[in-house]
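J.: I have a structure here, written as structure tokens, and I will follow up with some questions on it.
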Amino acid sequence: MCPRACDPASAPVGDSGTVRFSAAVLAAVLLAGCGSGAGGGQTSDPAAHAPAAVTATPDPTPASATDVATPDATAAPDERTELPGGGRTLFPGRRLVALYGHPGAPSLGVLGEQPVAEAVARAGRVARSYDRLSTVPVVPAFELIATVAQRSAGADGDYSGESTVAELRPWVRAAARHGMYVVLDVQPGRADVLDQVKRYRSLLLEPHVGLAVDPEWKLARGQKPLGQIGSIGAAEINRTTAWLAGLTRSNDLPQKLFVVHQFRLSMLRNTDRLRTDRPEVALLVHMDGLGSPSQKDATWDAVKHARPDGVPLGWKNFYDEDTRLFTPGQVMAKRPRPVMISYQ
């Protein structure tokens with residue numbers, strides 16, 4: 001499969017259609033220039049580069065699957081640290097509405113279109129548009145791209161530029177002050193996901209910070225970004241959630257969110273082997289398809305039926321790439337209702 005730019009309107013999702021790289025299509029701009037970063041990694045200037053997109057043939061929707069509602073895992077509040085919105089378990093006690101992107105980089109998503117203070121206000125406005133539609137508290141959130149897929153290998157050869165903790169901390173602190181949740185998103189390239197996640201241990205010790213992974217930017221040996229749509233296996237996710245569960249348990253933290261973005265079924269391998277029984281971690285599969293409403297609906301159905309039983313779902317809206325932006329009412333009409341809605 002050779003990468004090429006495409007118009008989302010011409011990229012139907014179905015058994016015989018095509019689908020674009022999603023969030024990371026804008027989000028991971030595949031940056032060109034890199035310098036030396038901490039730990040042998042590289043840092044980058046995402047604002048200096050333009051986004052790219054590719055097409056690829058999707059996997060067919062499984063013929064048989066059931067739509068299982070999110071289980072009730074609400075914990076009673078106690079004297080320990082709670083999550084934004086109250087309690088120590090994530091769902092179904094709240095709904096997250098997030099701005100997605102990289103600080104200071106408008107081309108990577110809406111989050112980077114304004115400084116942190118204005119982003120806090122904007123996230124609050126978007127979240128409030130869901131208030132009257134939700135039976136649980138709506139919590140505004142940031143989904144910060146912490147490691148960005150890059151066109152060049154960099155000093156460590158992993159095709160992923162790692163933000164420093166210092167670059168992300170002002171956003172994490174601002175979110176804490178305003179009762180927001182934060183998701184740190186990794187686009188690992190050839191790096192091991194857990195190795196990248198451990199860079200942000202100090203931020204993950206905050207009770208309002210969780211994780212996400214973009215499997216389309218996970219590369220096998222010999223692969224390069226935009227040469228193919230990447231994938232991640234259950235074993236790598238399980239190693240990461242095991243570490244995250246241990247960190248949460250040993251530091252008496254509230255439950256942590258772990259988001260897996262998906263718009264093509266092959267992006268997530270060995271789904272049946274995913275560990276969903278760690279009480280310290282809430283696993284969520286996030287539908288990242290873009291294009292027309294019918295394309296997004298088809299991707300939603302495919303992702304919904306392929307996920308492990310009981311795992312909640314997220315939904316992404318693209319301001320520029322969707323041919324018609326779903327309204328909050330249309331998003332909330334989905335079944336099961338998404339417990340995380342993000343805007344790129």
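Convention: chains lettered A, B, ... in structure tokens order; per-chain residue numbering from 1; ligands numbered from 1 as shown.
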To test your reading of the structure, identify every residue in range 189-243 of chain A that backbone DSSP assigns to strand (DSSP E or B), and report it as a list in words.

T.: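 Strand (DSSP E or B) members of range 189-243 of chain A, listed: Gly189, Val209, Gly210, Leu211, Ala212, Val213, Lys218, Ile232 and Gly233 of chain A.
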
J.: Kindly save the residues from that selection, with C-alpha atoms included, as a short mmCIF file (atom, residue, chain, number, x, y, z; two decimals), in the first residue's frame.

T.:
data_model
loop_
_atom_site.label_atom_id
_atom_site.label_comp_id
_atom_site.auth_asym_id
_atom_site.auth_seq_id
_atom_site.Cartn_x
_atom_site.Cartn_y
_atom_site.Cartn_z
CA GLY A 189 6.77 4.56 15.86
CA VAL A 209 -3.91 11.94 34.13
CA GLY A 210 -4.40 8.83 31.96
CA LEU A 211 -2.99 7.39 28.73
CA ALA A 212 -3.83 6.73 25.08
CA VAL A 213 -2.09 4.98 22.18
CA LYS A 218 3.11 1.70 15.75
CA ILE A 232 -0.39 -3.04 18.06
CA GLY A 233 -0.83 -6.43 19.68
#

J.: For Pro293 in chain A, work out the shell of residues within 8 Å, counting only C-alpha atoms and skipping chain neighbours fewer than 6 positions away, then give it as a PyMOL selection string.

T.: chain A and resi 322-324+326

J.: List every residue of range 117-263 of chain A that DSSP, applied to the backbone of this structure, places in helix (DSSP H, G or I), and write the result as a ChimeraX atom specification.

T.: /A:117-128,131-133,165-177,193-198,201-204,215-217,234-250

J.: Tell me which of A:Ser202, A:Ser160, A:Thr248, A:Thr271 sits closest to Leu219 in chain A, counting only C-alpha atoms.

T.: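 Smallest separation from Leu219 in chain A among the options: A:Ser160.
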
J.: When distances are computed from only C-alpha atoms, which of A:Ala98, A:Asn251, A:Val281, A:Ser152 shows the smallest separation from Tyr130 in chain A?

T.: A:Ala98

J.: Could you tell me which of A:Ala121, A:Pro137, A:Asp156, A:Gly289 comes closest to Gly93 in chain A if we count only C-alpha atoms?

T.: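 When distances to Gly93 in chain A are compared using only C-alpha atoms, the smallest one comes from A:Pro137.
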
J.: How many Å lie between CA of Phe318 in chain A and CA of Gln344 in chain A, rounded to one decimal?

T.: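 Between CA of Phe318 in chain A and CA of Gln344 in chain A the gap is 5.0 Å.
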
J.: Which is closer to Asp320 in chain A than all the others in A:Ala123, A:Val148, A:Glu167, A:Gly291, using only C-alpha atoms?

T.: A:Gly291

J.: Which one is closest to Val285 in chain A: A:Gly87, A:Gly314, A:Pro92, A:Pro338? Count only C-alpha atoms.

T.: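 Under the stated criterion, the closest residue is A:Gly314.
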
J.: Do a neighbour search on Arg177 in chain A at 12 Å with only C-alpha atoms, toss out local chain neighbours closer than 2 positions, and write the hits as number ranges by chain.

T.: A: 84, 116-117, 120, 170-175, 179-182, 208

J.: Please produce a file of those selected residues containing N, CA and C atoms, as a PDB file, in the first residue's frame.

T.:
ATOM      1  N   PRO A  84     -11.640  14.092  38.696  1.00  0.00           N
ATOM      2  CA  PRO A  84     -12.508  15.211  38.328  1.00  0.00           C
ATOM      3  C   PRO A  84     -13.939  14.700  38.129  1.00  0.00           C
ATOM      4  N   VAL A 116      -2.726  27.779  26.667  1.00  0.00           N
ATOM      5  CA  VAL A 116      -3.372  26.883  27.617  1.00  0.00           C
ATOM      6  C   VAL A 116      -4.604  27.497  28.268  1.00  0.00           C
ATOM      7  N   ALA A 117      -4.545  28.767  28.668  1.00  0.00           N
ATOM      8  CA  ALA A 117      -5.697  29.362  29.346  1.00  0.00           C
ATOM      9  C   ALA A 117      -6.919  29.400  28.441  1.00  0.00           C
ATOM     10  N   VAL A 120      -8.347  25.901  28.018  1.00  0.00           N
ATOM     11  CA  VAL A 120      -9.186  25.510  29.159  1.00  0.00           C
ATOM     12  C   VAL A 120     -10.606  26.036  28.964  1.00  0.00           C
ATOM     13  N   PRO A 170       2.657  22.344  32.219  1.00  0.00           N
ATOM     14  CA  PRO A 170       1.729  23.476  32.377  1.00  0.00           C
ATOM     15  C   PRO A 170       0.290  23.128  32.004  1.00  0.00           C
ATOM     16  N   TRP A 171       0.124  22.262  31.018  1.00  0.00           N
ATOM     17  CA  TRP A 171      -1.218  21.848  30.610  1.00  0.00           C
ATOM     18  C   TRP A 171      -1.836  20.928  31.653  1.00  0.00           C
ATOM     19  N   VAL A 172      -1.031  20.052  32.215  1.00  0.00           N
ATOM     20  CA  VAL A 172      -1.517  19.140  33.253  1.00  0.00           C
ATOM     21  C   VAL A 172      -1.916  19.930  34.493  1.00  0.00           C
ATOM     22  N   ARG A 173      -1.112  20.918  34.869  1.00  0.00           N
ATOM     23  CA  ARG A 173      -1.424  21.733  36.046  1.00  0.00           C
ATOM     24  C   ARG A 173      -2.669  22.581  35.829  1.00  0.00           C
ATOM     25  N   ALA A 174      -2.796  23.166  34.633  1.00  0.00           N
ATOM     26  CA  ALA A 174      -3.983  23.976  34.346  1.00  0.00           C
ATOM     27  C   ALA A 174      -5.243  23.124  34.399  1.00  0.00           C
ATOM     28  N   ALA A 175      -5.158  21.908  33.860  1.00  0.00           N
ATOM     29  CA  ALA A 175      -6.309  20.998  33.914  1.00  0.00           C
ATOM     30  C   ALA A 175      -6.694  20.689  35.352  1.00  0.00           C
ATOM     31  N   GLY A 179     -10.485  21.390  37.211  1.00  0.00           N
ATOM     32  CA  GLY A 179     -11.305  20.189  37.317  1.00  0.00           C
ATOM     33  C   GLY A 179     -11.415  19.397  36.032  1.00  0.00           C
ATOM     34  N   MET A 180     -10.330  19.376  35.230  1.00  0.00           N
ATOM     35  CA  MET A 180     -10.317  18.672  33.945  1.00  0.00           C
ATOM     36  C   MET A 180      -9.505  17.384  34.046  1.00  0.00           C
ATOM     37  N   TYR A 181      -9.779  16.467  33.126  1.00  0.00           N
ATOM     38  CA  TYR A 181      -8.980  15.255  32.995  1.00  0.00           C
ATOM     39  C   TYR A 181      -7.983  15.445  31.855  1.00  0.00           C
ATOM     40  N   VAL A 182      -6.858  14.714  31.910  1.00  0.00           N
ATOM     41  CA  VAL A 182      -5.822  14.778  30.877  1.00  0.00           C
ATOM     42  C   VAL A 182      -5.498  13.364  30.411  1.00  0.00           C
ATOM     43  N   HIS A 208      -5.467  12.913  37.906  1.00  0.00           N
ATOM     44  CA  HIS A 208      -6.343  13.262  36.787  1.00  0.00           C
ATOM     45  C   HIS A 208      -5.687  13.010  35.431  1.00  0.00           C
TER      46      HIS A 208
END

J.: What's the separation between CA of Leu99 in chain A and CA of His178 in chain A, in Å to one decimal place?

T.: 14.5 Å

J.: Any idea what's packed within 10 Å of Val331 in chain A, counting only C-alpha atoms, ignoring anything in its chain fewer than 3 positions away? Could you give it as number ranges by chain?

T.: A: 130, 133, 314-317, 325-328, 334-335, 337-338, 341

J.: From the options A:Leu96, A:Tyr343, A:Glu321, A:Arg221, which residue's atoms come nearest to Asp131 in chain A, counting only C-alpha atoms?

T.: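 Distance minimum relative to Asp131 in chain A lands on A:Leu96.
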